[in-house]
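For reference, structure-v2.txt is printed below; it contains compact mmCIF, C-alpha atoms.
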# COMPACT_ATOMS: atom_id res chain seq x y z
CA MET A 1 -11.77 -0.51 -6.29
CA ARG A 2 -12.58 2.32 -8.69
CA ALA A 3 -9.48 4.26 -7.60
CA LYS A 4 -7.28 1.20 -8.16
CA LEU A 5 -8.71 0.67 -11.62
CA THR A 6 -8.21 4.33 -12.50
CA TYR A 7 -4.63 4.19 -11.23
CA ALA A 8 -3.92 1.01 -13.21
CA VAL A 9 -5.36 2.46 -16.43
CA THR A 10 -3.41 5.68 -15.97
CA ALA A 11 -0.20 3.74 -15.29
CA LEU A 12 -0.73 1.62 -18.41
CA VAL A 13 -1.32 4.71 -20.54
CA LEU A 14 1.86 6.25 -19.15
CA VAL A 15 3.89 3.10 -19.83
CA PHE A 16 2.51 3.07 -23.40
CA TYR A 17 3.57 6.70 -23.77
CA PHE A 18 7.03 5.90 -22.37
CA VAL A 19 7.44 3.10 -24.92
CA LEU A 20 6.39 5.39 -27.77
CA ALA A 21 8.66 8.19 -26.62
CA GLY A 22 11.54 5.75 -26.14
CA ASP A 23 11.01 4.40 -29.65
CA ARG A 24 11.13 7.94 -31.07
CA GLY A 25 14.31 8.60 -29.11
CA VAL A 26 15.96 5.51 -30.57
CA LEU A 27 14.86 6.53 -34.08
CA LEU A 28 16.38 9.97 -33.59
CA ILE A 29 19.65 8.48 -32.36
CA ARG A 30 19.77 6.15 -35.38
CA GLN A 31 19.67 9.18 -37.70
CA GLY A 32 23.27 9.74 -36.63
CA THR A 33 23.57 13.52 -36.87
CA VAL A 34 24.72 15.49 -33.88
CA VAL A 35 21.42 17.30 -33.50
CA THR A 36 19.24 14.19 -33.80
CA VAL A 37 21.44 12.20 -31.43
CA LEU A 38 21.20 14.98 -28.83
CA PHE A 39 17.43 15.17 -29.26
CA GLY A 40 17.19 11.38 -29.14
CA VAL A 41 19.08 11.24 -25.84
CA ALA A 42 16.87 14.01 -24.44
CA VAL A 43 13.74 12.15 -25.57
CA LEU A 44 15.02 8.95 -23.90
CA ILE A 45 15.73 10.74 -20.62
CA LEU A 46 12.14 11.95 -20.22
CA PRO A 47 10.57 8.45 -20.19
CA LEU A 48 13.25 7.29 -17.75
CA ILE A 49 12.34 10.10 -15.37
CA GLY A 50 8.66 9.29 -15.85
CA ILE A 51 9.21 5.60 -15.12
CA TRP A 52 11.11 6.51 -11.96
CA PHE A 53 8.28 8.79 -10.78
CA LEU A 54 5.66 6.15 -11.63
CA TRP A 55 7.64 3.51 -9.72
CA GLN A 56 8.06 5.75 -6.67
CA ASN A 57 4.38 6.66 -6.65
CA THR A 58 3.26 3.04 -7.07
CA ARG A 59 5.59 1.96 -4.28
CA PHE A 60 4.25 4.71 -2.00
CA VAL A 61 0.62 3.82 -2.69
CA THR A 62 1.27 0.10 -2.16
CA ARG A 63 3.04 0.72 1.15
CA ALA A 64 0.34 3.17 2.33
CA ASN A 65 -2.38 0.62 1.48
CA ALA A 66 -0.49 -2.05 3.43
CA LEU A 67 -0.32 0.35 6.38
CA ALA A 68 -4.06 0.96 6.10
CA ALA A 69 -4.67 -2.79 6.11
CA ALA A 70 -2.48 -3.23 9.19
CA LEU A 71 -4.29 -0.43 10.98
CA ASP A 72 -7.65 -1.86 9.94
CA ALA A 73 -6.63 -5.26 11.34
CA GLU A 74 -5.93 -3.55 14.66
CA GLY A 75 -9.26 -1.72 14.52
CA GLY A 76 -7.49 1.63 14.44
CA LEU A 77 -8.70 3.14 11.19
CA PRO A 78 -10.22 6.56 11.77
CA PRO A 79 -14.00 6.57 11.51
CA ASP A 80 -15.60 8.74 8.86
CA GLU A 81 -17.05 11.43 11.10
CA LEU A 82 -17.00 14.20 8.53
CA GLU A 83 -20.04 16.20 7.58
CA ARG A 84 -20.69 16.51 3.87
CA THR A 85 -22.38 19.04 1.66
CA PRO A 86 -25.45 18.00 -0.33
CA SER A 87 -23.17 17.37 -3.32
CA GLY A 88 -21.07 14.93 -1.24
CA ARG A 89 -18.00 17.11 -0.70
CA ILE A 90 -16.43 17.21 2.72
CA ASP A 91 -17.48 20.22 4.77
CA ARG A 92 -14.40 22.37 5.39
CA ALA A 93 -15.27 23.23 9.01
CA SER A 94 -15.84 19.56 9.80
CA ALA A 95 -12.51 18.60 8.22
CA ASP A 96 -10.74 21.34 10.20
CA ALA A 97 -12.27 20.10 13.47
CA VAL A 98 -11.21 16.51 12.82
CA PHE A 99 -7.78 17.73 11.75
CA ALA A 100 -7.32 19.62 15.03
CA ARG A 101 -8.06 16.44 16.99
CA ARG A 102 -5.71 14.34 14.86
CA LYS A 103 -2.95 16.92 15.18
CA ALA A 104 -3.30 16.98 18.97
CA GLU A 105 -3.25 13.18 19.04
CA THR A 106 -0.06 13.13 16.97
CA GLU A 107 1.58 15.77 19.17
CA ASP A 108 0.79 13.61 22.22
CA HIS A 109 2.22 10.49 20.56
CA PRO A 110 4.86 11.67 18.04
CA ASP A 111 6.49 8.24 17.67
CA ASP A 112 3.30 6.33 16.88
CA TRP A 113 2.85 5.57 13.17
CA ARG A 114 -0.87 5.06 13.76
CA CYS A 115 -1.32 8.68 14.81
CA TRP A 116 0.67 9.86 11.82
CA PHE A 117 -1.45 7.72 9.50
CA ARG A 118 -4.64 9.23 10.91
CA LEU A 119 -3.10 12.71 10.62
CA ALA A 120 -2.29 12.03 6.95
CA VAL A 121 -5.94 11.10 6.37
CA ALA A 122 -7.03 14.30 8.11
CA TYR A 123 -4.66 16.36 5.95
CA GLN A 124 -6.11 14.71 2.85
CA ASP A 125 -9.66 15.39 4.02
CA ALA A 126 -8.68 19.03 4.58
CA ARG A 127 -7.40 19.10 0.96
CA ASP A 128 -3.76 19.55 1.92
CA THR A 129 -2.24 16.84 -0.25
CA PRO A 130 1.46 17.76 0.11
CA ARG A 131 1.27 17.62 3.91
CA ALA A 132 -0.84 14.47 3.73
CA ARG A 133 1.88 12.81 1.68
CA LYS A 134 4.63 13.94 4.07
CA ALA A 135 2.67 12.72 7.08
CA MET A 136 2.09 9.36 5.39
CA GLN A 137 5.79 9.08 4.51
CA HIS A 138 6.60 9.75 8.17
CA ALA A 139 4.09 7.08 9.23
CA LEU A 140 5.75 4.63 6.85
CA ARG A 141 9.21 5.40 8.27
CA LEU A 142 7.96 4.96 11.84
CA HIS A 143 6.23 1.70 10.90
CA ASP A 144 9.40 0.39 9.23
CA LYS A 145 11.45 1.38 12.28
CA GLU A 146 8.96 -0.38 14.58
CA ARG A 147 9.06 -3.55 12.47
CA THR A 148 12.87 -3.68 12.40
CA ALA A 149 13.11 -2.96 16.14
CA ALA A 150 10.64 -5.71 17.08
CA PRO A 151 12.33 -8.97 18.05
CA SER A 152 11.78 -11.81 15.64
CA LEU A 153 9.27 -14.43 16.77
CA ALA A 154 10.68 -17.05 14.41
CA PRO A 155 12.16 -20.13 16.08
CA ARG A 156 15.92 -20.27 16.14
CA ASP A 157 17.95 -23.30 15.19
As structure tokens:
Amino acid sequence: MRAKLTYAVTALVLVFYFVLAGDRGVLLIRQGTVVTVLFGVAVLILPLIGIWFLWQNTRFVTRANALAAALDAEGGLPPDELERTPSGRIDRASADAVFARRKAETEDHPDDWRCWFRLAVAYQDARDTPRARKAMQHALRLHDKERTAAPSLAPRD
């Protein structure tokens, strides 16, 4: 819950910044000189890029959370078997050992989104965020493919 609240506050601060920057861009464009119009357009482009990134990140997090909920409903969430230091940080050797198991599991079942989800968690625990994100994106693609390939159980007219 704390992470969701932090994300929401950060997103709201960013949206506030985008509104302020957009307002400044419009003010610069209204000045009407070539230089201010060019700066105004540039200032407007930055919030648009930021909004796109915020949207993509929010969409990714929402989809990953839905995948976690689906895996939890199946009883397939990975257990927390990591050793921790006295300060609460994950022990690197422990994370590496769990990662090795998750990687082997994924290599044995490369088309299973569940394995890729667990591998993404292991990457994150091993502090490899870029690979964790790529593994989670792959899990999402496999999950979407599985959902579209499954026959519909809805009654037909």
Exercise for review: Report the distance between CA of Ala11 in chain A and CA of Ala70 in chain A in Å, rounded to one decimal place.
Suggested key: 25.6 Å
Practice item. Give me the residues within 12 Å of Lys134 in chain A as a ChimeraX atom specification, counting all atoms listed in the file and dropping any in the same chain fewer than 2 places off. Key: /A:60,64,116-117,119-121,123-124,128-132,136-141
Review point. So, counting only C-alpha atoms, which residue among A:Leu12, A:Met1, A:Ala149, A:Leu20 is closest to Pro47 in chain A?
Key: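 The shortest atom-to-atom distance to Pro47 in chain A comes from A:Leu20.
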Check your understanding: Looking at only C-alpha atoms, which of A:Ala3, A:Leu77, A:Leu48, A:Val61 is the one that sits closest to Ala122 in chain A?
Key ->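 Smallest separation from Ala122 in chain A among the options: A:Leu77.
Residue neighbourhood of Lys103 in chain A, excluding near-sequence residues (fewer than 3 positions): Val98, Phe99, Ala100, Thr106, Glu107, Asp108, Cys115, Trp116, Arg118, Leu119 and Ala122 of chain A, at 9 Å, using all atoms listed in the file.
Checking A:Arg24, A:Arg114, A:Arg92, A:Arg59 one by one against Arg127 in chain A, counting all atoms listed in the file, you find the shortest gap at A:Arg92.
CA of Val26 in chain A is found 8.1 Å from CA of Val41 in chain A.
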Check your understanding: From the set A:Trp55, A:Leu44, A:Glu83, A:His109, which residue has the shortest atom-to-atom contact distance to Val19 in chain A, counting all atoms listed in the file?
Key ->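 Of A:Trp55, A:Leu44, A:Glu83, A:His109, the one nearest Val19 in chain A, counting all atoms listed in the file, is A:Leu44.
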Exercise for review: Do a neighbour search on Gly40 in chain A at 12 Å with all atoms listed in the file, toss out local chain neighbours closer than 2 positions, and write the hits as a PyMOL selection string.
Suggested key: chain A and resi 21-38+42-47
Go ahead and write the selection's residues with C-alpha atoms as an mmCIF file, keeping the file's coordinate frame.
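Resulting contents of part_17.cif:
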data_model
loop_
_atom_site.group_PDB
_atom_site.id
_atom_site.type_symbol
_atom_site.label_atom_id
_atom_site.label_comp_id
_atom_site.auth_asym_id
_atom_site.auth_seq_id
_atom_site.Cartn_x
_atom_site.Cartn_y
_atom_site.Cartn_z
ATOM 1 C CA ALA A 21 8.660 8.190 -26.620
ATOM 2 C CA GLY A 22 11.540 5.750 -26.140
ATOM 3 C CA ASP A 23 11.010 4.400 -29.650
ATOM 4 C CA ARG A 24 11.130 7.940 -31.070
ATOM 5 C CA GLY A 25 14.310 8.600 -29.110
ATOM 6 C CA VAL A 26 15.960 5.510 -30.570
ATOM 7 C CA LEU A 27 14.860 6.530 -34.080
ATOM 8 C CA LEU A 28 16.380 9.970 -33.590
ATOM 9 C CA ILE A 29 19.650 8.480 -32.360
ATOM 10 C CA ARG A 30 19.770 6.150 -35.380
ATOM 11 C CA GLN A 31 19.670 9.180 -37.700
ATOM 12 C CA GLY A 32 23.270 9.740 -36.630
ATOM 13 C CA THR A 33 23.570 13.520 -36.870
ATOM 14 C CA VAL A 34 24.720 15.490 -33.880
ATOM 15 C CA VAL A 35 21.420 17.300 -33.500
ATOM 16 C CA THR A 36 19.240 14.190 -33.800
ATOM 17 C CA VAL A 37 21.440 12.200 -31.430
ATOM 18 C CA LEU A 38 21.200 14.980 -28.830
ATOM 19 C CA ALA A 42 16.870 14.010 -24.440
ATOM 20 C CA VAL A 43 13.740 12.150 -25.570
ATOM 21 C CA LEU A 44 15.020 8.950 -23.900
ATOM 22 C CA ILE A 45 15.730 10.740 -20.620
ATOM 23 C CA LEU A 46 12.140 11.950 -20.220
ATOM 24 C CA PRO A 47 10.570 8.450 -20.190
#
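One distance worth recording is that between CA of Lys145 in chain A and CA of Gly76 in chain A, which is 19.1 Å.
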